[in-house]
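What follows is the content of structure19.pdb, which has PDB, C-alpha atoms and all ligand atoms:
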```pdb
ATOM      1  CA  MET A   1       6.246   7.024 -16.099
ATOM      2  CA  HIS A   2       7.489   5.922 -12.705
ATOM      3  CA  ARG A   3       7.777   2.328 -13.773
ATOM      4  CA  GLU A   4      10.691   0.591 -12.085
ATOM      5  CA  THR A   5      12.305  -2.696 -12.981
ATOM      6  CA  ILE A   6      12.198  -5.780 -10.850
ATOM      7  CA  THR A   7      15.273  -7.966 -10.816
ATOM      8  CA  VAL A   8      15.001 -11.654 -10.137
ATOM      9  CA  ILE A   9      18.228 -13.452  -9.173
ATOM     10  CA  LYS A  10      18.957 -17.028  -8.170
ATOM     11  CA  VAL A  11      20.976 -17.761  -5.012
ATOM     12  CA  ARG A  12      21.582 -21.305  -3.712
ATOM     13  CA  GLY A  13      18.694 -22.635  -5.794
ATOM     14  CA  VAL A  14      16.303 -19.993  -4.496
ATOM     15  CA  LEU A  15      14.854 -17.025  -6.356
ATOM     16  CA  MET A  16      15.398 -13.673  -4.767
ATOM     17  CA  VAL A  17      13.354 -10.616  -5.679
ATOM     18  CA  THR A  18      14.072  -7.203  -4.209
ATOM     19  CA  MET A  19      11.089  -4.887  -4.412
ATOM     20  CA  PRO A  20      11.739  -1.198  -5.132
ATOM     21  CA  ALA A  21      10.801   1.335  -2.432
ATOM     22  CA  ASP A  22       7.657   2.734  -4.014
ATOM     23  CA  PRO A  23       6.511   0.647  -6.984
ATOM     24  CA  ASP A  24       3.478   1.591  -9.081
ATOM     25  CA  ASP A  25       0.731  -0.974  -9.717
ATOM     26  CA  ALA A  26       2.144  -2.038 -13.081
ATOM     27  CA  THR A  27       5.515  -2.794 -11.480
ATOM     28  CA  ILE A  28       3.783  -4.778  -8.742
ATOM     29  CA  SER A  29       1.907  -6.900 -11.294
ATOM     30  CA  ALA A  30       5.145  -7.472 -13.169
ATOM     31  CA  LEU A  31       6.474  -9.008  -9.956
ATOM     32  CA  GLN A  32       3.997 -11.848 -10.188
ATOM     33  CA  GLU A  33       4.558 -12.617 -13.841
ATOM     34  CA  LYS A  34       8.336 -12.424 -13.748
ATOM     35  CA  THR A  35       8.615 -14.484 -10.597
ATOM     36  CA  LEU A  36       6.422 -17.331 -11.803
ATOM     37  CA  GLU A  37       8.249 -17.445 -15.145
ATOM     38  CA  ALA A  38      11.594 -17.538 -13.344
ATOM     39  CA  MET A  39      10.412 -20.263 -10.952
ATOM     40  CA  GLU A  40       9.759 -22.488 -13.926
ATOM     41  CA  GLU A  41      12.813 -21.504 -15.924
ATOM     42  CA  TYR A  42      15.326 -21.960 -13.082
ATOM     43  CA  GLU A  43      13.504 -24.836 -11.359
ATOM     44  CA  ALA A  44      13.916 -22.930  -8.098
ATOM     45  CA  ARG A  45      13.083 -24.415  -4.678
ATOM     46  CA  GLY A  46      11.434 -21.296  -3.475
ATOM     47  CA  LEU A  47      11.109 -17.554  -3.474
ATOM     48  CA  ILE A  48      12.478 -14.926  -1.138
ATOM     49  CA  LEU A  49      10.761 -11.560  -1.437
ATOM     50  CA  ASP A  50      13.009  -8.880  -0.027
ATOM     51  CA  LEU A  51      10.795  -6.047   1.207
ATOM     52  CA  SER A  52      13.519  -4.193   3.115
ATOM     53  CA  ARG A  53      13.365  -1.168   0.798
ATOM     54  CA  VAL A  54       9.572  -1.005   0.690
ATOM     55  CA  ASP A  55       8.095   1.928   2.586
ATOM     56  CA  THR A  56       4.384   1.489   1.778
ATOM     57  CA  LEU A  57       2.551  -1.815   1.635
ATOM     58  CA  ASP A  58      -1.067  -1.098   0.740
ATOM     59  CA  SER A  59      -3.849  -3.594   0.049
ATOM     60  CA  TYR A  60      -3.055  -3.901  -3.659
ATOM     61  CA  PHE A  61       0.604  -4.627  -3.011
ATOM     62  CA  ALA A  62      -0.217  -7.061  -0.208
ATOM     63  CA  ARG A  63      -2.757  -8.907  -2.320
ATOM     64  CA  THR A  64      -0.231  -9.392  -5.113
ATOM     65  CA  VAL A  65       2.388 -10.617  -2.644
ATOM     66  CA  THR A  66       0.034 -13.190  -1.069
ATOM     67  CA  GLU A  67      -1.287 -14.330  -4.456
ATOM     68  CA  THR A  68       2.233 -14.787  -5.739
ATOM     69  CA  GLY A  69       3.085 -16.789  -2.630
ATOM     70  CA  LYS A  70       0.125 -19.080  -3.180
ATOM     71  CA  MET A  71       1.040 -19.619  -6.818
ATOM     72  CA  VAL A  72       4.639 -20.438  -5.931
ATOM     73  CA  ASN A  73       3.293 -22.955  -3.410
ATOM     74  CA  LEU A  74       1.117 -24.525  -6.097
ATOM     75  CA  MET A  75       4.252 -24.925  -8.198
ATOM     76  CA  GLY A  76       5.858 -26.826  -5.334
ATOM     77  CA  GLY A  77       8.020 -24.019  -3.972
ATOM     78  CA  GLN A  78       8.069 -22.099  -0.727
ATOM     79  CA  THR A  79       7.791 -18.332  -0.279
ATOM     80  CA  ILE A  80       9.414 -16.293   2.461
ATOM     81  CA  ILE A  81       8.976 -12.550   2.914
ATOM     82  CA  ALA A  82      12.113 -10.953   4.273
ATOM     83  CA  GLY A  83      13.030  -7.667   5.855
ATOM     84  CA  MET A  84       9.691  -5.964   6.322
ATOM     85  CA  ARG A  85      10.301  -2.675   8.144
ATOM     86  CA  PRO A  86       8.666  -2.253  11.570
ATOM     87  CA  ALA A  87       6.549   0.743  10.490
ATOM     88  CA  VAL A  88       5.333  -1.204   7.462
ATOM     89  CA  ALA A  89       4.504  -4.287   9.548
ATOM     90  CA  ILE A  90       2.586  -2.208  12.118
ATOM     91  CA  THR A  91       0.639  -0.372   9.420
ATOM     92  CA  ALA A  92      -0.166  -3.543   7.441
ATOM     93  CA  THR A  93      -1.548  -5.208  10.570
ATOM     94  CA  GLN A  94      -3.608  -2.179  11.519
ATOM     95  CA  LEU A  95      -4.962  -1.883   7.990
ATOM     96  CA  GLY A  96      -6.209  -5.439   8.441
ATOM     97  CA  LEU A  97      -3.958  -7.224   5.972
ATOM     98  CA  ASN A  98      -3.567 -10.898   6.712
ATOM     99  CA  LEU A  99      -0.073 -12.025   5.804
ATOM    100  CA  ALA A 100      -0.066 -14.621   8.573
ATOM    101  CA  PHE A 101       0.077 -17.647   6.311
ATOM    102  CA  ILE A 102       3.208 -16.445   4.529
ATOM    103  CA  ARG A 103       6.537 -17.270   6.166
ATOM    104  CA  THR A 104       8.539 -14.285   7.238
ATOM    105  CA  ALA A 105      12.158 -13.650   8.129
ATOM    106  CA  LEU A 106      13.994 -10.697   9.610
ATOM    107  CA  GLY A 107      16.277 -10.460   6.615
ATOM    108  CA  VAL A 108      17.503 -12.202   3.514
ATOM    109  CA  ASP A 109      20.248 -14.135   5.395
ATOM    110  CA  GLN A 110      17.738 -15.643   7.797
ATOM    111  CA  ALA A 111      15.351 -16.395   4.941
ATOM    112  CA  LEU A 112      18.075 -18.335   3.113
ATOM    113  CA  ASP A 113      18.816 -20.312   6.299
ATOM    114  CA  LEU A 114      15.130 -21.157   6.742
ATOM    115  CA  MET A 115      14.900 -22.257   3.153
ATOM    116  CA  SER A 116      17.947 -24.583   3.445
ATOM    117  CA  GLU A 117      16.726 -26.120   6.713
ATOM    118  CA  GLU A 118      13.466 -27.130   5.174
ATOM    119  CA  HIS A 119      14.568 -27.932   1.665
ATOM    120  CA  PRO A 120      18.175 -29.151   1.882
ATOM    121  CA  VAL A 121      19.994 -28.823  -1.447
TER     122      VAL A 121
ATOM    123  CA  MET B   1      -6.693  26.897  13.132
ATOM    124  CA  ASN B   2      -3.802  28.085  10.979
ATOM    125  CA  LEU B   3      -3.081  26.819   7.514
ATOM    126  CA  LEU B   4       0.663  26.193   7.257
ATOM    127  CA  ASP B   5       0.880  24.893   3.714
ATOM    128  CA  GLU B   6      -1.245  23.233   1.055
ATOM    129  CA  GLY B   7      -1.134  21.656  -2.368
ATOM    130  CA  SER B   8      -2.837  19.227  -4.653
ATOM    131  CA  VAL B   9      -2.207  16.337  -7.023
ATOM    132  CA  ALA B  10      -4.385  15.303  -9.982
ATOM    133  CA  ILE B  11      -5.266  11.612 -10.053
ATOM    134  CA  VAL B  12      -5.693  10.713 -13.714
ATOM    135  CA  GLU B  13      -3.336   7.859 -14.430
ATOM    136  CA  GLU B  14      -2.490   4.859 -12.322
ATOM    137  CA  THR B  15       1.036   6.188 -11.772
ATOM    138  CA  ASP B  16      -0.468   9.295 -10.115
ATOM    139  CA  ILE B  17      -1.101   7.061  -7.084
ATOM    140  CA  VAL B  18       2.684   6.976  -6.654
ATOM    141  CA  THR B  19       2.820  10.782  -6.913
ATOM    142  CA  VAL B  20       0.121  11.008  -4.214
ATOM    143  CA  ARG B  21       2.157   8.746  -1.913
ATOM    144  CA  GLN B  22       5.347  10.743  -2.473
ATOM    145  CA  THR B  23       3.605  14.096  -1.971
ATOM    146  CA  VAL B  24       1.863  12.944   1.213
ATOM    147  CA  ARG B  25       5.085  11.441   2.586
ATOM    148  CA  GLU B  26       6.863  14.755   2.153
ATOM    149  CA  ALA B  27       3.992  16.803   3.601
ATOM    150  CA  ALA B  28       3.491  14.500   6.606
ATOM    151  CA  GLY B  29       7.206  14.738   7.351
ATOM    152  CA  GLN B  30       6.912  18.536   7.549
ATOM    153  CA  ILE B  31       4.735  18.466  10.662
ATOM    154  CA  GLY B  32       7.108  16.123  12.435
ATOM    155  CA  LEU B  33       5.079  12.909  12.409
ATOM    156  CA  GLY B  34       7.123   9.835  13.324
ATOM    157  CA  VAL B  35       7.989   7.169  10.775
ATOM    158  CA  THR B  36       5.124   4.844  11.758
ATOM    159  CA  ASP B  37       2.530   7.623  11.585
ATOM    160  CA  VAL B  38       3.926   8.799   8.254
ATOM    161  CA  THR B  39       3.608   5.217   6.985
ATOM    162  CA  ARG B  40       0.007   5.072   8.248
ATOM    163  CA  VAL B  41      -0.931   8.330   6.502
ATOM    164  CA  VAL B  42       0.818   7.378   3.251
ATOM    165  CA  THR B  43      -0.818   3.938   3.230
ATOM    166  CA  ALA B  44      -4.281   5.427   3.815
ATOM    167  CA  ALA B  45      -3.609   7.946   1.017
ATOM    168  CA  SER B  46      -2.601   5.131  -1.318
ATOM    169  CA  GLU B  47      -5.880   3.298  -0.663
ATOM    170  CA  LEU B  48      -8.025   6.392  -1.155
ATOM    171  CA  ALA B  49      -6.144   7.524  -4.274
ATOM    172  CA  ARG B  50      -6.585   4.089  -5.823
ATOM    173  CA  ASN B  51     -10.325   4.268  -5.138
ATOM    174  CA  VAL B  52     -10.475   7.662  -6.879
ATOM    175  CA  PHE B  53      -8.677   6.171  -9.863
ATOM    176  CA  LYS B  54     -10.505   2.840  -9.927
ATOM    177  CA  TYR B  55     -14.081   3.780  -8.991
ATOM    178  CA  GLY B  56     -14.266   7.567  -9.315
ATOM    179  CA  ASN B  57     -12.950   7.916 -12.889
ATOM    180  CA  GLY B  58     -10.115  10.036 -11.549
ATOM    181  CA  GLY B  59     -10.103  13.223  -9.512
ATOM    182  CA  SER B  60      -7.712  14.895  -7.124
ATOM    183  CA  MET B  61      -6.049  14.816  -3.728
ATOM    184  CA  THR B  62      -5.631  18.081  -1.829
ATOM    185  CA  TRP B  63      -3.394  18.254   1.238
ATOM    186  CA  LYS B  64      -3.318  20.830   3.995
ATOM    187  CA  LEU B  65      -0.998  21.229   6.954
ATOM    188  CA  LEU B  66      -2.884  22.663   9.929
ATOM    189  CA  GLU B  67      -1.785  24.110  13.249
ATOM    190  CA  SER B  68      -3.797  24.840  16.356
ATOM    191  CA  GLU B  69      -2.669  25.780  19.840
ATOM    192  CA  PHE B  70      -2.217  22.161  20.837
ATOM    193  CA  ALA B  71      -1.570  20.190  17.687
ATOM    194  CA  LYS B  72      -0.293  20.061  14.160
ATOM    195  CA  GLY B  73      -2.143  18.020  11.628
ATOM    196  CA  ILE B  74      -2.369  16.887   8.061
ATOM    197  CA  GLU B  75      -5.675  16.887   6.209
ATOM    198  CA  LEU B  76      -6.160  15.047   2.926
ATOM    199  CA  THR B  77      -9.211  15.495   0.689
ATOM    200  CA  PHE B  78      -9.896  13.003  -2.078
ATOM    201  CA  GLN B  79     -12.467  14.274  -4.560
ATOM    202  CA  ASP B  80     -13.872  12.653  -7.664
ATOM    203  CA  LYS B  81     -16.846  13.156  -9.994
ATOM    204  CA  GLY B  82     -17.559   9.462 -10.328
ATOM    205  CA  PRO B  83     -20.812   7.552  -9.804
ATOM    206  CA  GLY B  84     -20.734   7.921  -6.006
ATOM    207  CA  ILE B  85     -21.106   5.240  -3.340
ATOM    208  CA  PRO B  86     -24.743   4.056  -3.027
ATOM    209  CA  ASP B  87     -24.388   2.747   0.545
ATOM    210  CA  ILE B  88     -21.536   4.378   2.476
ATOM    211  CA  GLU B  89     -22.076   2.284   5.598
ATOM    212  CA  GLN B  90     -21.731  -0.914   3.592
ATOM    213  CA  ALA B  91     -18.656   0.408   1.760
ATOM    214  CA  LEU B  92     -17.022   1.114   5.138
ATOM    215  CA  GLN B  93     -17.387  -2.501   6.252
ATOM    216  CA  ASP B  94     -14.349  -4.769   6.283
ATOM    217  CA  GLY B  95     -14.295  -6.937   3.212
ATOM    218  CA  PHE B  96     -16.973  -5.192   1.149
ATOM    219  CA  SER B  97     -15.857  -4.725  -2.450
ATOM    220  CA  THR B  98     -17.615  -4.296  -5.781
ATOM    221  CA  GLY B  99     -14.331  -4.455  -7.651
ATOM    222  CA  GLY B 100     -12.872  -7.789  -6.628
ATOM    223  CA  GLY B 101     -10.607  -6.102  -4.077
ATOM    224  CA  LEU B 102     -10.027  -7.056  -0.460
ATOM    225  CA  GLY B 103     -12.544  -4.410   0.623
ATOM    226  CA  MET B 104      -9.955  -2.985   2.924
ATOM    227  CA  GLY B 105      -9.303   0.444   1.499
ATOM    228  CA  LEU B 106     -12.014   2.537   3.154
ATOM    229  CA  PRO B 107     -12.205   0.725   6.524
ATOM    230  CA  GLY B 108      -8.405   0.468   6.597
ATOM    231  CA  ALA B 109      -7.941   4.181   5.927
ATOM    232  CA  LYS B 110     -10.343   4.924   8.764
ATOM    233  CA  LYS B 111      -8.318   2.788  11.189
ATOM    234  CA  LEU B 112      -5.012   4.330  10.119
ATOM    235  CA  MET B 113      -6.169   7.961  10.438
ATOM    236  CA  ASP B 114      -7.544   9.915  13.415
ATOM    237  CA  GLU B 115     -10.594  11.220  11.564
ATOM    238  CA  MET B 116     -12.402  10.330   8.381
ATOM    239  CA  SER B 117     -15.562  11.565   6.699
ATOM    240  CA  VAL B 118     -17.175  10.357   3.485
ATOM    241  CA  ASP B 119     -19.659  12.337   1.380
ATOM    242  CA  SER B 120     -21.043  10.840  -1.754
ATOM    243  CA  SER B 121     -23.850  11.295  -4.237
ATOM    244  CA  PRO B 122     -24.354  10.461  -7.918
ATOM    245  CA  GLN B 123     -24.519  14.212  -8.673
ATOM    246  CA  ILE B 124     -21.294  15.365  -7.022
ATOM    247  CA  GLY B 125     -19.277  12.159  -6.861
ATOM    248  CA  THR B 126     -17.332  11.153  -3.776
ATOM    249  CA  ARG B 127     -15.323  13.186  -1.286
ATOM    250  CA  VAL B 128     -13.292  11.557   1.462
ATOM    251  CA  VAL B 129     -11.542  13.739   4.046
ATOM    252  CA  VAL B 130      -9.012  12.250   6.476
ATOM    253  CA  ARG B 131      -6.882  13.851   9.197
ATOM    254  CA  LYS B 132      -3.972  12.881  11.390
ATOM    255  CA  TRP B 133      -2.848  14.941  14.383
ATOM    256  CA  ARG B 134       0.361  15.291  16.340
ATOM    257  CA  SER B 135       0.195  17.034  19.680
ATOM    258  CA  ILE B 136       2.752  19.800  20.227
TER     259      ILE B 136
HETATM  260  N1  LIG C 201     -14.337   6.958  -4.889
HETATM  261  C1  LIG C 201     -15.266   6.005  -4.993
HETATM  262  N2  LIG C 201     -16.282   6.117  -5.881
HETATM  263  C2  LIG C 201     -17.235   5.152  -5.987
HETATM  264  N3  LIG C 201     -17.243   4.015  -5.264
HETATM  265  C3  LIG C 201     -16.248   3.836  -4.360
HETATM  266  C4  LIG C 201     -15.219   4.814  -4.179
HETATM  267  N4  LIG C 201     -14.395   4.374  -3.204
HETATM  268  C5  LIG C 201     -14.882   3.176  -2.801
HETATM  269  N5  LIG C 201     -15.993   2.848  -3.494
HETATM  270  C6  LIG C 201     -16.831   1.643  -3.301
HETATM  271  O1  LIG C 201     -16.608   1.155  -1.997
HETATM  272  C7  LIG C 201     -16.147  -0.202  -2.055
HETATM  273  C8  LIG C 201     -15.165  -0.454  -0.923
HETATM  274  O2  LIG C 201     -13.958   0.273  -1.139
HETATM  275  P1  LIG C 201     -12.616  -0.239  -0.476
HETATM  276  O3  LIG C 201     -11.513   0.665  -0.863
HETATM  277  O4  LIG C 201     -12.879  -0.433   0.974
HETATM  278  O5  LIG C 201     -12.418  -1.676  -1.099
HETATM  279  P2  LIG C 201     -11.937  -2.071  -2.581
HETATM  280  O6  LIG C 201     -11.362  -0.880  -3.264
HETATM  281  O7  LIG C 201     -13.090  -2.725  -3.266
HETATM  282  O8  LIG C 201     -10.819  -3.131  -2.309
HETATM  283  P3  LIG C 201      -9.308  -2.814  -1.824
HETATM  284  O9  LIG C 201      -9.210  -1.343  -1.556
HETATM  285  O10 LIG C 201      -9.109  -3.628  -0.586
HETATM  286  O11 LIG C 201      -8.448  -3.253  -2.965
HETATM  287  C9  LIG C 201     -15.561  -0.363  -3.443
HETATM  288  O12 LIG C 201     -15.568  -1.697  -3.887
HETATM  289  C10 LIG C 201     -16.493   0.530  -4.267
HETATM  290  O13 LIG C 201     -17.683  -0.137  -4.571
HETATM  291 MG    MG C 202      -9.954   0.347  -2.420
END
```

Have the structure of the file written as structure tokens, please.
Amino acid sequence: MHRETITVIKVRGVLMVTMPADPDDATISALQEKTLEAMEEYEARGLILDLSRVDTLDSYFARTVTETGKMVNLMGGQTIIAGMRPAVAITATQLGLNLAFIRTALGVDQALDLMSEEHPV
Amino acid sequence: MNLLDEGSVAIVEETDIVTVRQTVREAAGQIGLGVTDVTRVVTAASELARNVFKYGNGGSMTWKLLESEFAKGIELTFQDKGPGIPDIEQALQDGFSTGGGLGMGLPGAKKLMDEMSVDSSPQIGTRVVVRKWRSI
């Protein structure tokens, strides 16, 4: 089994999830479940998905990311995707993935700033 | 056309999709493709491998590294013995899915690669061949 673990941590009232470089589908689904559970448990203001290690974002992965974002929004939180690599961003766009309605940030630092501007603690 | 190297990966379990990605990443690196092209090829492979697993009841991915006078290339063949695709043209359209997906796998793979061909019938299953070239 390749299955990798996903760690969810809370920083300044915001959940932060760092995706592994090459997660299998089961690990990607676990992302959704774990994140939504943690949102409730920690009463977080939002979610930062750190994709800086990710080297392949295919349609399955992208769909789970956008779905998770929508669910977090429904729960009253905001989702920001941080640190997508240039090659991954180019490929995702060319593949036809629409991530336009999810907020993005260059990195985790910037994502945290964005989150505090819009939802002051 | 010279064959530089080749290999194959069985696609039986869902985690084999990860093995396909890793194998293709390594192979594509061998012909000197840049990081964006490697990402394109690996992403296309991930889509096609998932289709083999999800719709084709499993199968295999065979990779070949090719060299001509002017270019080096990687060729990937995805083969399954599943039910086949009744209407290939429809399956290649953006957004068409019978499995609740985004319908982006086949058309997306075509956009990410330089060449793609699809052969399918209920008797033999489905075979998708894709290629990416780098001029030398
Ligand atoms: N190997 C295959 N065997 C049988 N049918 C296939 C195969 N590959 C694709 N198909 C059919 O073609 C359709 C389109 O495939 P495509 O990969 O474009 O989209 P999807 O898999 O449905 O969704 P996505 O890949 O975006 O998650 C599938 O829904 C399926 O009906
Ligand atoms: Mg697909």

Quick one: residues within 12 Å of Glu6 of chain B, only C-alpha atoms counted, chain neighbours fewer than 4 positions away excluded, as a list in words?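 So the residues in contact are Asn2, Thr23, Val24, Glu26, Ala27, Ala28, Gln30, Met61, Thr62, Trp63, Lys64, Leu65, Leu66, Gly73, Ile74, Glu75, Leu76 and Thr77 of chain B.
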
With only C-alpha atoms and all ligand atoms counted, collect every polymer residue having an atom within 8 Å of ligand MG 202 (chain C); state the result as JSON, numbers by chain. {"A": [59], "B": [47, 48, 50, 51, 54, 97, 101, 102, 103, 104, 105, 106]}

Define the interface residues of chain A facing chain B as those within 9 Å, counting all atoms listed in the file, and report them as a PDB file with C-alpha atoms, in the frame of the given file.
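And here's iface.pdb as it stands now:
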```pdb
ATOM      1  CA  MET A   1       6.246   7.024 -16.099  1.00  0.00           C
ATOM      2  CA  HIS A   2       7.489   5.922 -12.705  1.00  0.00           C
ATOM      3  CA  ARG A   3       7.777   2.328 -13.773  1.00  0.00           C
ATOM      4  CA  ASP A  22       7.657   2.734  -4.014  1.00  0.00           C
ATOM      5  CA  PRO A  23       6.511   0.647  -6.984  1.00  0.00           C
ATOM      6  CA  ASP A  24       3.478   1.591  -9.081  1.00  0.00           C
ATOM      7  CA  ASP A  25       0.731  -0.974  -9.717  1.00  0.00           C
ATOM      8  CA  ALA A  26       2.144  -2.038 -13.081  1.00  0.00           C
ATOM      9  CA  ASP A  55       8.095   1.928   2.586  1.00  0.00           C
ATOM     10  CA  THR A  56       4.384   1.489   1.778  1.00  0.00           C
ATOM     11  CA  LEU A  57       2.551  -1.815   1.635  1.00  0.00           C
ATOM     12  CA  ASP A  58      -1.067  -1.098   0.740  1.00  0.00           C
ATOM     13  CA  SER A  59      -3.849  -3.594   0.049  1.00  0.00           C
ATOM     14  CA  TYR A  60      -3.055  -3.901  -3.659  1.00  0.00           C
ATOM     15  CA  ARG A  63      -2.757  -8.907  -2.320  1.00  0.00           C
ATOM     16  CA  PRO A  86       8.666  -2.253  11.570  1.00  0.00           C
ATOM     17  CA  ALA A  87       6.549   0.743  10.490  1.00  0.00           C
ATOM     18  CA  VAL A  88       5.333  -1.204   7.462  1.00  0.00           C
ATOM     19  CA  ILE A  90       2.586  -2.208  12.118  1.00  0.00           C
ATOM     20  CA  THR A  91       0.639  -0.372   9.420  1.00  0.00           C
ATOM     21  CA  ALA A  92      -0.166  -3.543   7.441  1.00  0.00           C
ATOM     22  CA  GLN A  94      -3.608  -2.179  11.519  1.00  0.00           C
ATOM     23  CA  LEU A  95      -4.962  -1.883   7.990  1.00  0.00           C
ATOM     24  CA  GLY A  96      -6.209  -5.439   8.441  1.00  0.00           C
ATOM     25  CA  LEU A  97      -3.958  -7.224   5.972  1.00  0.00           C
TER      26      LEU A  97
END
```

So what does the PyMOL selection byres (((chain A and resi 79) around 7) and not hetatm) actually pick up in this one, as a PyMOL selection string? chain A and resi 46-48+69+72+77-78+80-81+102-103

Output C-alpha atoms of each residue in that selection to a file, as a PDB file, keeping the file's coordinate frame.
```
ATOM      1  CA  GLY A  46      11.434 -21.296  -3.475  1.00  0.00           C
ATOM      2  CA  LEU A  47      11.109 -17.554  -3.474  1.00  0.00           C
ATOM      3  CA  ILE A  48      12.478 -14.926  -1.138  1.00  0.00           C
ATOM      4  CA  GLY A  69       3.085 -16.789  -2.630  1.00  0.00           C
ATOM      5  CA  VAL A  72       4.639 -20.438  -5.931  1.00  0.00           C
ATOM      6  CA  GLY A  77       8.020 -24.019  -3.972  1.00  0.00           C
ATOM      7  CA  GLN A  78       8.069 -22.099  -0.727  1.00  0.00           C
ATOM      8  CA  ILE A  80       9.414 -16.293   2.461  1.00  0.00           C
ATOM      9  CA  ILE A  81       8.976 -12.550   2.914  1.00  0.00           C
ATOM     10  CA  ILE A 102       3.208 -16.445   4.529  1.00  0.00           C
ATOM     11  CA  ARG A 103       6.537 -17.270   6.166  1.00  0.00           C
TER      12      ARG A 103
END
```

Taking the file as I've supplied it (selection: the PyMOL selection byres (((chain A and resi 105-109) around 8) and not hetatm)), which residues are included? Please answer as a list of chain:residue names. A:Ile48, A:Asp50, A:Ser52, A:Ile80, A:Ile81, A:Ala82, A:Gly83, A:Met84, A:Arg103, A:Thr104, A:Gln110, A:Ala111, A:Leu112, A:Asp113

Between atom CA of Leu33 of chain B and atom CA of Glu115 of chain B, what distance in Å does the model show, to one decimal? 15.8 Å

Need the neighbours of (-14.9, 3.7, -8.0): which residues are at most 10 Å away, counting all atoms listed in the file, as a tab-separated table (two decimals) with C-alpha atoms, in the frame of the given file?
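So out-v5.tsv came out as:
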```tsv
chain	number	residue	atom	x	y	z
B	50	ARG	CA	-6.58	4.09	-5.82
B	51	ASN	CA	-10.32	4.27	-5.14
B	52	VAL	CA	-10.48	7.66	-6.88
B	53	PHE	CA	-8.68	6.17	-9.86
B	54	LYS	CA	-10.50	2.84	-9.93
B	55	TYR	CA	-14.08	3.78	-8.99
B	56	GLY	CA	-14.27	7.57	-9.32
B	57	ASN	CA	-12.95	7.92	-12.89
B	58	GLY	CA	-10.12	10.04	-11.55
B	80	ASP	CA	-13.87	12.65	-7.66
B	81	LYS	CA	-16.85	13.16	-9.99
B	82	GLY	CA	-17.56	9.46	-10.33
B	83	PRO	CA	-20.81	7.55	-9.80
B	84	GLY	CA	-20.73	7.92	-6.01
B	85	ILE	CA	-21.11	5.24	-3.34
B	98	THR	CA	-17.61	-4.30	-5.78
B	99	GLY	CA	-14.33	-4.46	-7.65
B	125	GLY	CA	-19.28	12.16	-6.86
B	126	THR	CA	-17.33	11.15	-3.78
```

Would you mind telling me which residue in B:Ile136, B:Pro122, B:Met113, B:Val130 lies nearest to ligand LIG 201 (chain C) when using only C-alpha atoms and all ligand atoms?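 Under the stated criterion, the closest residue is B:Pro122.
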
Apply the PyMOL selection byres (((chain B and resi 70) around 6) and not hetatm) to the file shown and report the selected residues as a list in words.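 So the PyMOL selection byres (((chain B and resi 70) around 6) and not hetatm) ends up selecting Ser68, Glu69, Ala71, Ser135 and Ile136 of chain B.
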
Given 4 Å of margin on each side, can you work out the centre and size in Å (one decimal) of an axis-aligned box holding every listed atom of ligand LIG 201 (chain C), as JSON?
```
{"center_x": -13.1, "center_y": 1.7, "center_z": -2.5, "size_x": 17.2, "size_y": 18.6, "size_z": 15.0}
```

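When only C-alpha atoms and all ligand atoms are used to measure the gap to ligand LIG 201 (chain C), the shortest distance among A:Met16, A:Leu31, A:Met39, A:Ala62 belongs to A:Ala62.
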
Measuring between all atoms listed in the file, which one of B:Val9, B:Gly32, B:Met1, B:Ala49 shows the shortest distance to ligand LIG 201 (chain C)?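 Of the candidates, the smallest distance to ligand LIG 201 (chain C) is held by B:Ala49.
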